[in-house]
There are 4 protein chains.
Amino acid sequence: MKNTGHQKIDWVSKHMKLLNKIQNTSEYNLSGLKIGMSIHLEAKTAYLAITLKKLGAEVVVTGCNPLSTQDDVAEALKDFGVYVHAKRTESEKEYFSFLHMVLDYKPDLILDDGADLTVLAHTERKEVLENLKGVSEETTTGVRRLRNLQSNGILQVPVIAVNNAKMKFMFDNRYGTGQSTLDSIMRNTNLLIAGKNVLVAGYGWCGRGIAMRAHGLGAKVMVSEVDPIKAVEALMDGFEVGEIEKLAPKADFIITATGVKDVLNKEIINKLKDGVILANAGHFNVEIPMEEIEKMASEKYEIRQNVTCYRINNKDIFVIGKGRLVNLAAADGHPVEIMDISFALQTLSLIYLSKNYNKLERKVYDYPEELDKEVAQMRLETMGINIDKLTSEQEKYLREF
Amino acid sequence: MKNTGHQKIDWVSKHMKLLNKIQNTSEYNLSGLKIGMSIHLEAKTAYLAITLKKLGAEVVVTGCNPLSTQDDVAEALKDFGVYVHAKRTESEKEYFSFLHMVLDYKPDLILDDGADLTVLAHTERKEVLENLKGVSEETTTGVRRLRNLQSNGILQVPVIAVNNAKMKFMFDNRYGTGQSTLDSIMRNTNLLIAGKNVLVAGYGWCGRGIAMRAHGLGAKVMVSEVDPIKAVEALMDGFEVGEIEKLAPKADFIITATGVKDVLNKEIINKLKDGVILANAGHFNVEIPMEEIEKMASEKYEIRQNVTCYRINNKDIFVIGKGRLVNLAAADGHPVEIMDISFALQTLSLIYLSKNYNKLERKVYDYPEELDKEVAQMRLETMGINIDKLTSEQEKYLREF
Amino acid sequence: MKNTGHQKIDWVSKHMKLLNKIQNTSEYNLSGLKIGMSIHLEAKTAYLAITLKKLGAEVVVTGCNPLSTQDDVAEALKDFGVYVHAKRTESEKEYFSFLHMVLDYKPDLILDDGADLTVLAHTERKEVLENLKGVSEETTTGVRRLRNLQSNGILQVPVIAVNNAKMKFMFDNRYGTGQSTLDSIMRNTNLLIAGKNVLVAGYGWCGRGIAMRAHGLGAKVMVSEVDPIKAVEALMDGFEVGEIEKLAPKADFIITATGVKDVLNKEIINKLKDGVILANAGHFNVEIPMEEIEKMASEKYEIRQNVTCYRINNKDIFVIGKGRLVNLAAADGHPVEIMDISFALQTLSLIYLSKNYNKLERKVYDYPEELDKEVAQMRLETMGINIDKLTSEQEKYLREF
Amino acid sequence: MKNTGHQKIDWVSKHMKLLNKIQNTSEYNLSGLKIGMSIHLEAKTAYLAITLKKLGAEVVVTGCNPLSTQDDVAEALKDFGVYVHAKRTESEKEYFSFLHMVLDYKPDLILDDGADLTVLAHTERKEVLENLKGVSEETTTGVRRLRNLQSNGILQVPVIAVNNAKMKFMFDNRYGTGQSTLDSIMRNTNLLIAGKNVLVAGYGWCGRGIAMRAHGLGAKVMVSEVDPIKAVEALMDGFEVGEIEKLAPKADFIITATGVKDVLNKEIINKLKDGVILANAGHFNVEIPMEEIEKMASEKYEIRQNVTCYRINNKDIFVIGKGRLVNLAAADGHPVEIMDISFALQTLSLIYLSKNYNKLERKVYDYPEELDKEVAQMRLETMGINIDKLTSEQEKYLREF
């Protein structure tokens, strides 16, 4: 019988059809390159590392978030010849020591998730920049950090913002975060969604996905936003829109997906319903103000696996996954097929960087459109779907009319 | 630190607001009565047993399905003074021995889930009928079995078909089964629902709920039915309707909710997609023909917790929870609030039987409408919602017009 | 070029596939019978009359609502050999004179919509009861009136409540009223539905259909109800539920579908939003209190075809179709295919009455289940859809288990 | 009693709250400028012209599509001091003569819809370029034409692509086209949408909106696309995706929204279902190949207002609105509030051009983001909705993290 780490990798390998296709296509090659990865280390990212390894690279991996590493998977991954420096429930200090270990390999390419590895390479560990050819960054938050590096003149390598790929932000952040956030909330609470008031803070792609799925499960969805255009969109999508201070006290569930810190403040927390469930779907654990909540609580205990009960003003405030990314800290992360798409984008972006790094500037690039379409086309093929092509007359019409 | 059984009961006790209200309302009373219960023994049903106990009854509990008992909850339940005879992974033989132990108490009232306890009382254990005053039955399947007893002249006590309560079949079977079935599939597979072909076999209330939630998660839903009226309804709801033989080979997920056996046959199984996921949401584990599948498979192994991989004709067929009720065998059952409603109905039905049994005939009764509305009103109150009342002029209009 | 009445009938004849099938099936026969019909006289009902005529009956038709008769269709219908006594914008007095004319024919069977014809036959025109063999009634409201006749001992003939057919109330009242009510509101106002607050008064089948479609068009739906069970259902369906007094002032659109009168009162009307749109989807024009509104208004004028603007407290209150059934008074009524189903039920019910009237009691009968399934099966066939049948083993399982 | 043109303008004036707000805000000013407009001339665009006039401009208007001018509105508009050269059922020749008349005024600014006016100014009527300061263009198609002018070095003035405003393409093309296309189909056919197979050709913003609304009305939606990314998105949204040749023969309704010509070809037309309904939601009437259909038909007649029946191979093919933009040619165009948003964008864009034209280049500009947000904010205000603002700490976090 396989151990659980191998079992999990086996399962995802059966459903990551794009990575399988890439592994079996000779034009995709990474021979002779060292790749440093900082990722949420679970079965799916493990299969990405395995894929890069199979394409010829030397691969070294660490986690990108202290709580998201699955130890059984980390162990199993080593059996595939990947170097792994990661473990769960690690301290912040340990976490950073692992980042350093990855940089010790002097990677040619970095695959980053949140930009911690790349920022470190540009600050404390500048010696690794010598060999570094490029970075592929996964998240909105990471891209923002790297753009800040760029605008401050610090960035020394080309970066590809995978998050800007249409096949990423239109899918991962919407269908992926949408499903997995609600999955996590349901499995960790066993509570009914139908008929409940669900407040989604933030109506970017993640927030849209969460709102869509909460609504699809029968909730009455409320949305708070700071961007008036997104606010109008949420309204048109049939949701109640307003100030968070007004909406939060009506909520049975509050899900944060804003990208900023302190989405709730002390005043709002004092007005929450008895029994409200809080969950964070943003990258960093700063959206729900955990320190403030800890200070306010007269009592605190784990009432269900992954659920902490805080007693505040004689009311129960329940927080899932300690305010960390709820689909990763308290569930299995994005659905397998979503990650398959994102990782196909990542792999093609690394290959692209390895071929073109010396032609590229030291800046953050949008994801190349032709790679984006290549992945989309691959996805359709693996699902057995053919689509139309413009006829030459139609192309002529578009050009000339 | 509480053990996990107590912790789970603690969690549900915070969300079963109808049972809490009933416990705190003096007009609800079961003093001096012995109640035998056969139920899926987990935290929520445990809290029902506790509620009946708090209303003054002596309560004895067993499971209603070999795989659905949670041992930690069973242990914790004993601390509340409830007699418990149940454990998980029990053999069929053990399972029946527990049913017998419950009947050994000579209960005044039976609360049944699938009718095993009541059928036993009317066949092998007729001596218990002497003291038995009535039965409250939860499921469609159980009610059908008891109606068969009645039409064969065997039934000796009044039965209330809780399943026929509007607050039950319109909610439990639809919003409860709907959410929890998809929850179970998502948590056990980590696969994407959006864009997938989901075949729902059966478009009764359960099937409708499953279809609604699969659709709400972005699936393309297909429905098979034997009743032409339900088939037209599924069509009008926007789903593809057809013969299962034609639909199954296109499906990525097949979910059975028909109430009959052998929904798939050998011929259809041979045509399924590589990688298809099978799950059963019907009461008994006869809908997916597990024996047939076992025979057909060249290989069989557990590929993920609760997921068995069968290798048939070089294709992978994945079955969740061994073909048993997927939301119970491989997840936490219905959402807490749904069970709260159903158990409020159960409790009121037991009180009703205890007061009226000597006026009632030996037959299966529909759920009394006034109790149904009482529970609905209670639900609205616990959610803080007021609704309109007809004015006397409006009542006059309805009578006279 | 055909005139518009013939053109309209031509159009519906191409889409009423069940009536076409019935016309072409020799077992369906009404030879030698006189049938009096009171219906919303437009193309679809005209085609029902034509169908009955083609099956051999002598048919006489009037309207069932002063405003719903389309004169061009009434004219064209005469060309098919049907007797027609109806015209639009008729006075109440004229309307009743037409009802009398229909009864003058001493019909064998009445096909009623609202029960006006049948009530008249049992009160002022008792002499026609002599020849009357049975009544087929279409609406909820009509059935309630006839049940009142029955419980007061007045009813003299068997009545079949077509409205109680599953193929009727599950479809006509939900998908039919749902679509056509929103269609009427959109075409008569050209206003956006998405993001608007739509209050649906009443959550019966009609209300559910309206809520479903308003929601499908992007509205935030609110529901008022007097039945707590239906109120809980509306909640679970994701809608806001509350007292109409609280909800109405937030509404951009208010749609009544309750079956009772005076859904809004003076106090509520005073609190409505400036620019609110009122529409009635209930059978009788009593739900919106038009007299009260007329009294309250300082000004009144037609601002758009079918839309009246009332100026009350310096606010504009817009009423579509004068408070009459909005899909008929201000649009084309139910979609063609919905009426096709209902009229197939009607036709089969008339044939059933003609064969069985002497075995039936003087009461209101539910719609015979076998006819209901016959129509469902016919509908599937005309759409080219096959469904499963239970195997003999499955039937055995259902009987014996 | 007002005539119908004035009545229609009166109605929209009550619902165009952004234009009303702009009229009443002194900072918005267009004094002393001549504005030439080419628009679908109906009540809403008339109210835009009136608004520009009230801001101080001299305004001259013509239609942008031969069939979309409403004569009663055109007449009424003259009473507001606007110069109007337009009438319905005009010939192509007349249509162009009206365009010329507008250019005869030598406008300072052009507000274009499809770019006919601007193209004419850059080809046959170059003398008007002397006074022309800028162009505001509404449609995707128009923008593409103007980008072609730009890339060929022909464009002589700055153009603002209003279509690229988020408040335009995210709303007008989705919620506007979505609702009004389905509204038009329903009102012109009276057919049921629920349970029908609706094929949407093109999954741009228009196609998405149409698919969303067809789905919201209960249809099974199929999508054809040439862009693989959009195709994957349609899949994830739960729709069937494939080649049009495979999908079209299953469709009950086919709605084109591609922006290219000849979406259907002869071969596909030969395979369509008897009774299929064709409608075009793209800007130009080239998507449905009307000439081809005319040639193929053995018979052709108007079977219902706005619906032409073509008899091809003994099957009926129904085309709504002659293949022209179905929501304008056969209904009332976009909902009022959608146009209100678009016209607020237009108005602000004209004011912006009037202030900045001498700083701008001869190219097509994206819509200025600050104006976009200004309109969004205005929309929220008119709906009485407040939203959150980032705190200074949150802004700091976004900058620094």
# chains A, B, ... in the order shown; residues from 1 in each chain; ligands from 1
$ residues_around --residues "Thr51 of chain B" --least-positions-apart "5" --cutoff "10 Å" --atoms "only C-alpha atoms" --output "PyMOL selection string"
chain B and resi 19-20+22-24+45-46+56-57+59+343-344+347
$ write_last_selection --atoms "N, CA and C atoms" --output "short mmCIF file (atom, residue, chain, number, x, y, z; two decimals), in the first residue's frame"
data_model
loop_
_atom_site.label_atom_id
_atom_site.label_comp_id
_atom_site.auth_asym_id
_atom_site.auth_seq_id
_atom_site.Cartn_x
_atom_site.Cartn_y
_atom_site.Cartn_z
N LEU B 19 -34.19 22.75 18.25
CA LEU B 19 -34.13 21.82 19.38
C LEU B 19 -33.89 22.57 20.68
N ASN B 20 -33.03 23.58 20.64
CA ASN B 20 -32.81 24.37 21.85
C ASN B 20 -34.10 25.03 22.31
N ILE B 22 -37.16 24.02 21.72
CA ILE B 22 -38.06 22.97 22.23
C ILE B 22 -37.65 22.55 23.63
N GLN B 23 -36.36 22.40 23.85
CA GLN B 23 -35.88 22.02 25.19
C GLN B 23 -36.32 23.04 26.24
N ASN B 24 -36.41 24.29 25.79
CA ASN B 24 -36.71 25.35 26.74
C ASN B 24 -38.18 25.77 26.76
N THR B 45 -27.73 13.77 15.31
CA THR B 45 -28.72 12.84 15.86
C THR B 45 -28.48 12.65 17.35
N ALA B 46 -27.22 12.71 17.76
CA ALA B 46 -26.94 12.62 19.19
C ALA B 46 -27.67 13.75 19.93
N GLY B 56 -37.60 14.43 29.18
CA GLY B 56 -38.08 13.49 30.20
C GLY B 56 -38.09 12.03 29.81
N ALA B 57 -37.77 11.71 28.55
CA ALA B 57 -37.83 10.31 28.10
C ALA B 57 -36.58 9.54 28.49
N VAL B 59 -34.04 7.10 26.74
CA VAL B 59 -33.72 7.01 25.32
C VAL B 59 -32.67 5.94 25.05
N PHE B 343 -35.47 17.27 13.03
CA PHE B 343 -35.57 16.72 14.37
C PHE B 343 -36.62 17.44 15.20
N ALA B 344 -36.86 18.70 14.88
CA ALA B 344 -37.98 19.38 15.51
C ALA B 344 -39.28 18.70 15.09
N THR B 347 -39.46 15.36 16.96
CA THR B 347 -39.80 15.53 18.37
C THR B 347 -41.29 15.83 18.54
#
$ select_by_dssp --residues "segment 124-314 of chain A" --states "strand (DSSP E)" --output "JSON, numbers by chain"
{"A": [134, 135, 136, 137, 159, 160, 161, 197, 198, 199, 200, 201, 220, 221, 222, 223, 224, 240, 241, 253, 254, 255, 256, 276, 277, 278, 279, 280, 299, 300, 301, 302, 303, 304, 307, 308, 309, 310, 311, 312]}
$ select_by_dssp --residues "segment 128-194 of chain C" --states "helix (DSSP H, G or I)" --output "PyMOL selection string"
chain C and resi 128-130+140-151+162-164+166-169+172-189
$ write_last_selection --atoms "N, CA, C and O atoms" --output "compact mmCIF listing (two decimals), in the first residue's frame"
# COMPACT_ATOMS: atom_id res chain seq x y z
N VAL C 128 -79.76 25.78 -17.24
CA VAL C 128 -78.76 25.14 -18.11
C VAL C 128 -78.14 23.91 -17.45
O VAL C 128 -77.49 23.10 -18.11
N LEU C 129 -78.36 23.77 -16.14
CA LEU C 129 -77.79 22.61 -15.44
C LEU C 129 -78.39 21.30 -15.96
O LEU C 129 -77.75 20.25 -15.88
N GLU C 130 -79.57 21.40 -16.46
CA GLU C 130 -80.27 20.23 -16.97
C GLU C 130 -79.43 19.45 -17.97
O GLU C 130 -79.33 18.22 -17.91
N THR C 140 -56.55 28.30 -10.12
CA THR C 140 -56.60 28.13 -8.66
C THR C 140 -57.82 28.85 -8.09
O THR C 140 -58.57 28.31 -7.27
N THR C 141 -57.96 30.07 -8.53
CA THR C 141 -59.05 30.89 -8.03
C THR C 141 -60.39 30.27 -8.37
O THR C 141 -61.28 30.16 -7.51
N GLY C 142 -60.53 29.84 -9.60
CA GLY C 142 -61.78 29.21 -10.03
C GLY C 142 -62.07 27.95 -9.23
O GLY C 142 -63.21 27.72 -8.80
N VAL C 143 -61.05 27.15 -8.99
CA VAL C 143 -61.25 25.92 -8.22
C VAL C 143 -61.71 26.25 -6.81
O VAL C 143 -62.61 25.59 -6.26
N ARG C 144 -61.12 27.29 -6.21
CA ARG C 144 -61.53 27.66 -4.86
C ARG C 144 -63.01 28.06 -4.84
O ARG C 144 -63.77 27.66 -3.95
N ARG C 145 -63.42 28.81 -5.86
CA ARG C 145 -64.83 29.22 -5.92
C ARG C 145 -65.74 27.99 -6.06
O ARG C 145 -66.80 27.93 -5.43
N LEU C 146 -65.30 27.02 -6.86
CA LEU C 146 -66.16 25.85 -7.09
C LEU C 146 -66.18 24.94 -5.86
O LEU C 146 -67.19 24.32 -5.56
N ARG C 147 -65.06 24.89 -5.14
CA ARG C 147 -65.07 24.12 -3.89
C ARG C 147 -66.02 24.77 -2.88
O ARG C 147 -66.70 24.09 -2.12
N ASN C 148 -66.07 26.12 -2.89
CA ASN C 148 -67.05 26.80 -2.04
C ASN C 148 -68.47 26.41 -2.43
O ASN C 148 -69.31 26.12 -1.58
N LEU C 149 -68.75 26.38 -3.74
CA LEU C 149 -70.07 25.93 -4.21
C LEU C 149 -70.36 24.53 -3.68
O LEU C 149 -71.46 24.22 -3.21
N GLN C 150 -69.34 23.66 -3.79
CA GLN C 150 -69.51 22.27 -3.36
C GLN C 150 -69.80 22.20 -1.85
O GLN C 150 -70.76 21.54 -1.42
N SER C 151 -69.01 22.93 -1.07
CA SER C 151 -69.18 22.80 0.39
C SER C 151 -70.49 23.46 0.84
O SER C 151 -71.02 23.12 1.90
N VAL C 162 -58.44 21.22 -13.43
CA VAL C 162 -57.27 21.09 -14.30
C VAL C 162 -56.06 21.74 -13.63
O VAL C 162 -54.93 21.31 -13.79
N ASN C 163 -56.36 22.73 -12.83
CA ASN C 163 -55.28 23.41 -12.13
C ASN C 163 -54.52 22.48 -11.20
O ASN C 163 -53.38 22.74 -10.85
N ASN C 164 -55.17 21.40 -10.78
CA ASN C 164 -54.50 20.46 -9.88
C ASN C 164 -53.66 19.43 -10.62
O ASN C 164 -52.99 18.62 -9.99
N LYS C 166 -50.53 18.03 -12.23
CA LYS C 166 -49.12 18.38 -12.05
C LYS C 166 -48.59 19.10 -13.28
O LYS C 166 -47.82 20.05 -13.18
N MET C 167 -48.97 18.61 -14.46
CA MET C 167 -48.49 19.23 -15.69
C MET C 167 -49.02 20.66 -15.83
O MET C 167 -48.53 21.43 -16.66
N LYS C 168 -50.04 21.01 -15.05
CA LYS C 168 -50.54 22.38 -15.03
C LYS C 168 -49.82 23.22 -13.96
O LYS C 168 -49.08 24.14 -14.28
N PHE C 169 -50.04 22.87 -12.70
CA PHE C 169 -49.58 23.81 -11.66
C PHE C 169 -48.06 23.83 -11.54
O PHE C 169 -47.49 24.82 -11.15
N ASP C 172 -47.48 25.62 -15.88
CA ASP C 172 -48.18 26.83 -16.27
C ASP C 172 -47.91 27.95 -15.27
O ASP C 172 -47.46 29.05 -15.62
N ASN C 173 -48.15 27.63 -13.99
CA ASN C 173 -48.05 28.65 -12.96
C ASN C 173 -46.61 29.06 -12.66
O ASN C 173 -46.37 30.08 -12.05
N ARG C 174 -45.66 28.24 -13.01
CA ARG C 174 -44.27 28.53 -12.67
C ARG C 174 -43.52 29.03 -13.89
O ARG C 174 -43.14 30.19 -13.96
N TYR C 175 -43.32 28.17 -14.88
CA TYR C 175 -42.56 28.58 -16.05
C TYR C 175 -43.36 29.54 -16.93
O TYR C 175 -42.80 30.43 -17.54
N GLY C 176 -44.68 29.34 -16.96
CA GLY C 176 -45.52 30.21 -17.79
C GLY C 176 -45.66 31.59 -17.20
O GLY C 176 -45.26 32.59 -17.80
N THR C 177 -46.24 31.67 -16.01
CA THR C 177 -46.41 32.97 -15.37
C THR C 177 -45.06 33.63 -15.14
O THR C 177 -44.91 34.84 -15.30
N GLY C 178 -44.07 32.83 -14.77
CA GLY C 178 -42.74 33.38 -14.52
C GLY C 178 -42.22 34.14 -15.72
O GLY C 178 -41.91 35.34 -15.64
N GLN C 179 -42.14 33.47 -16.85
CA GLN C 179 -41.59 34.13 -18.04
C GLN C 179 -42.46 35.27 -18.51
O GLN C 179 -41.97 36.37 -18.80
N SER C 180 -43.76 35.02 -18.61
CA SER C 180 -44.62 36.00 -19.27
C SER C 180 -44.80 37.26 -18.43
O SER C 180 -44.98 38.35 -18.96
N THR C 181 -44.74 37.12 -17.11
CA THR C 181 -44.85 38.30 -16.26
C THR C 181 -43.63 39.20 -16.44
O THR C 181 -43.76 40.42 -16.60
N LEU C 182 -42.46 38.59 -16.44
CA LEU C 182 -41.26 39.41 -16.62
C LEU C 182 -41.18 39.96 -18.04
O LEU C 182 -40.76 41.10 -18.26
N ASP C 183 -41.58 39.15 -19.02
CA ASP C 183 -41.64 39.61 -20.40
C ASP C 183 -42.51 40.87 -20.48
O ASP C 183 -42.10 41.90 -21.03
N SER C 184 -43.68 40.80 -19.88
CA SER C 184 -44.61 41.93 -19.93
C SER C 184 -44.01 43.17 -19.27
O SER C 184 -44.09 44.28 -19.80
N ILE C 185 -43.39 42.97 -18.13
CA ILE C 185 -42.80 44.12 -17.42
C ILE C 185 -41.68 44.73 -18.26
O ILE C 185 -41.58 45.95 -18.40
N MET C 186 -40.84 43.88 -18.85
CA MET C 186 -39.73 44.41 -19.63
C MET C 186 -40.23 45.15 -20.86
O MET C 186 -39.79 46.25 -21.17
N ARG C 187 -41.15 44.52 -21.61
CA ARG C 187 -41.57 45.17 -22.85
C ARG C 187 -42.36 46.44 -22.59
O ARG C 187 -42.31 47.37 -23.39
N ASN C 188 -43.08 46.50 -21.46
CA ASN C 188 -43.89 47.68 -21.19
C ASN C 188 -43.13 48.81 -20.51
O ASN C 188 -43.62 49.93 -20.46
N THR C 189 -41.97 48.50 -19.94
CA THR C 189 -41.23 49.57 -19.26
C THR C 189 -39.88 49.87 -19.90
O THR C 189 -39.35 50.95 -19.72
$ interface_residues --of "chain B" --to "chain A" --cutoff "6 Å" --atoms "only C-alpha atoms" --output "list of chain:residue names"
B:Gln7, B:Asn190, B:Leu191, B:Leu192, B:Arg213, B:Gly216, B:Leu217, B:Ile303, B:Pro335, B:Val336
$ write_last_selection --atoms "all heavy atoms" --output "PDB file, in the first residue's frame"
ATOM      1  N   GLN B   7     -16.905  17.572  21.654  1.00  0.00           N
ATOM      2  CA  GLN B   7     -16.645  18.772  20.866  1.00  0.00           C
ATOM      3  C   GLN B   7     -17.657  18.870  19.714  1.00  0.00           C
ATOM      4  O   GLN B   7     -18.250  19.923  19.459  1.00  0.00           O
ATOM      5  CB  GLN B   7     -15.231  18.645  20.313  1.00  0.00           C
ATOM      6  CG  GLN B   7     -14.508  19.921  20.029  1.00  0.00           C
ATOM      7  CD  GLN B   7     -13.149  19.641  19.382  1.00  0.00           C
ATOM      8  OE1 GLN B   7     -12.905  18.549  18.838  1.00  0.00           O
ATOM      9  NE2 GLN B   7     -12.255  20.615  19.434  1.00  0.00           N
ATOM     10  N   ASN B 190     -11.464  16.655  -4.455  1.00  0.00           N
ATOM     11  CA  ASN B 190     -10.737  17.893  -4.788  1.00  0.00           C
ATOM     12  C   ASN B 190     -10.802  18.185  -6.292  1.00  0.00           C
ATOM     13  O   ASN B 190      -9.947  18.845  -6.842  1.00  0.00           O
ATOM     14  CB  ASN B 190      -9.280  17.790  -4.312  1.00  0.00           C
ATOM     15  CG  ASN B 190      -8.561  19.138  -4.305  1.00  0.00           C
ATOM     16  OD1 ASN B 190      -7.397  19.233  -4.666  1.00  0.00           O
ATOM     17  ND2 ASN B 190      -9.240  20.199  -3.930  1.00  0.00           N
ATOM     18  N   LEU B 191     -11.838  17.695  -6.934  1.00  0.00           N
ATOM     19  CA  LEU B 191     -11.977  17.948  -8.372  1.00  0.00           C
ATOM     20  C   LEU B 191     -12.913  19.129  -8.620  1.00  0.00           C
ATOM     21  O   LEU B 191     -13.765  19.449  -7.803  1.00  0.00           O
ATOM     22  CB  LEU B 191     -12.493  16.705  -9.097  1.00  0.00           C
ATOM     23  CG  LEU B 191     -11.545  15.504  -9.102  1.00  0.00           C
ATOM     24  CD1 LEU B 191     -12.184  14.314  -9.820  1.00  0.00           C
ATOM     25  CD2 LEU B 191     -10.214  15.853  -9.757  1.00  0.00           C
ATOM     26  N   LEU B 192     -12.719  19.731  -9.771  1.00  0.00           N
ATOM     27  CA  LEU B 192     -13.528  20.878 -10.174  1.00  0.00           C
ATOM     28  C   LEU B 192     -14.923  20.410 -10.606  1.00  0.00           C
ATOM     29  O   LEU B 192     -15.056  19.407 -11.305  1.00  0.00           O
ATOM     30  CB  LEU B 192     -12.836  21.554 -11.359  1.00  0.00           C
ATOM     31  CG  LEU B 192     -13.462  22.845 -11.887  1.00  0.00           C
ATOM     32  CD1 LEU B 192     -13.322  23.959 -10.859  1.00  0.00           C
ATOM     33  CD2 LEU B 192     -12.794  23.259 -13.191  1.00  0.00           C
ATOM     34  N   ARG B 213     -27.668  22.093  -6.908  1.00  0.00           N
ATOM     35  CA  ARG B 213     -26.366  22.458  -6.344  1.00  0.00           C
ATOM     36  C   ARG B 213     -25.225  22.182  -7.324  1.00  0.00           C
ATOM     37  O   ARG B 213     -24.268  22.975  -7.402  1.00  0.00           O
ATOM     38  CB  ARG B 213     -26.128  21.715  -5.023  1.00  0.00           C
ATOM     39  CG  ARG B 213     -27.005  22.180  -3.890  1.00  0.00           C
ATOM     40  CD  ARG B 213     -26.786  23.660  -3.596  1.00  0.00           C
ATOM     41  NE  ARG B 213     -27.827  24.175  -2.716  1.00  0.00           N
ATOM     42  CZ  ARG B 213     -28.652  25.174  -3.041  1.00  0.00           C
ATOM     43  NH1 ARG B 213     -28.559  25.779  -4.208  1.00  0.00           N
ATOM     44  NH2 ARG B 213     -29.555  25.593  -2.189  1.00  0.00           N
ATOM     45  N   GLY B 216     -25.381  24.992  -9.506  1.00  0.00           N
ATOM     46  CA  GLY B 216     -24.907  26.187  -8.805  1.00  0.00           C
ATOM     47  C   GLY B 216     -23.393  26.218  -8.673  1.00  0.00           C
ATOM     48  O   GLY B 216     -22.802  27.267  -8.450  1.00  0.00           O
ATOM     49  N   LEU B 217     -22.763  25.075  -8.813  1.00  0.00           N
ATOM     50  CA  LEU B 217     -21.305  25.007  -8.784  1.00  0.00           C
ATOM     51  C   LEU B 217     -20.727  25.007 -10.195  1.00  0.00           C
ATOM     52  O   LEU B 217     -19.528  24.820 -10.382  1.00  0.00           O
ATOM     53  CB  LEU B 217     -20.858  23.769  -8.001  1.00  0.00           C
ATOM     54  CG  LEU B 217     -21.078  23.888  -6.479  1.00  0.00           C
ATOM     55  CD1 LEU B 217     -21.133  22.524  -5.824  1.00  0.00           C
ATOM     56  CD2 LEU B 217     -19.986  24.743  -5.844  1.00  0.00           C
ATOM     57  N   ILE B 303      -7.613   4.875  -3.542  1.00  0.00           N
ATOM     58  CA  ILE B 303      -6.677   5.834  -4.129  1.00  0.00           C
ATOM     59  C   ILE B 303      -6.646   7.131  -3.354  1.00  0.00           C
ATOM     60  O   ILE B 303      -5.720   7.927  -3.464  1.00  0.00           O
ATOM     61  CB  ILE B 303      -7.011   6.085  -5.618  1.00  0.00           C
ATOM     62  CG1 ILE B 303      -5.928   6.933  -6.268  1.00  0.00           C
ATOM     63  CG2 ILE B 303      -8.373   6.701  -5.778  1.00  0.00           C
ATOM     64  CD1 ILE B 303      -5.992   6.987  -7.760  1.00  0.00           C
ATOM     65  N   PRO B 335     -26.388  19.311   6.505  1.00  0.00           N
ATOM     66  CA  PRO B 335     -26.031  20.476   7.308  1.00  0.00           C
ATOM     67  C   PRO B 335     -26.831  20.497   8.611  1.00  0.00           C
ATOM     68  O   PRO B 335     -27.974  20.028   8.665  1.00  0.00           O
ATOM     69  CB  PRO B 335     -26.422  21.651   6.408  1.00  0.00           C
ATOM     70  CG  PRO B 335     -26.351  21.123   5.026  1.00  0.00           C
ATOM     71  CD  PRO B 335     -26.785  19.686   5.136  1.00  0.00           C
ATOM     72  N   VAL B 336     -26.216  21.042   9.624  1.00  0.00           N
ATOM     73  CA  VAL B 336     -26.794  21.045  10.974  1.00  0.00           C
ATOM     74  C   VAL B 336     -28.215  21.598  11.003  1.00  0.00           C
ATOM     75  O   VAL B 336     -29.121  21.004  11.592  1.00  0.00           O
ATOM     76  CB  VAL B 336     -25.897  21.875  11.917  1.00  0.00           C
ATOM     77  CG1 VAL B 336     -26.494  21.918  13.308  1.00  0.00           C
ATOM     78  CG2 VAL B 336     -24.480  21.307  11.952  1.00  0.00           C
TER      79      VAL B 336
END
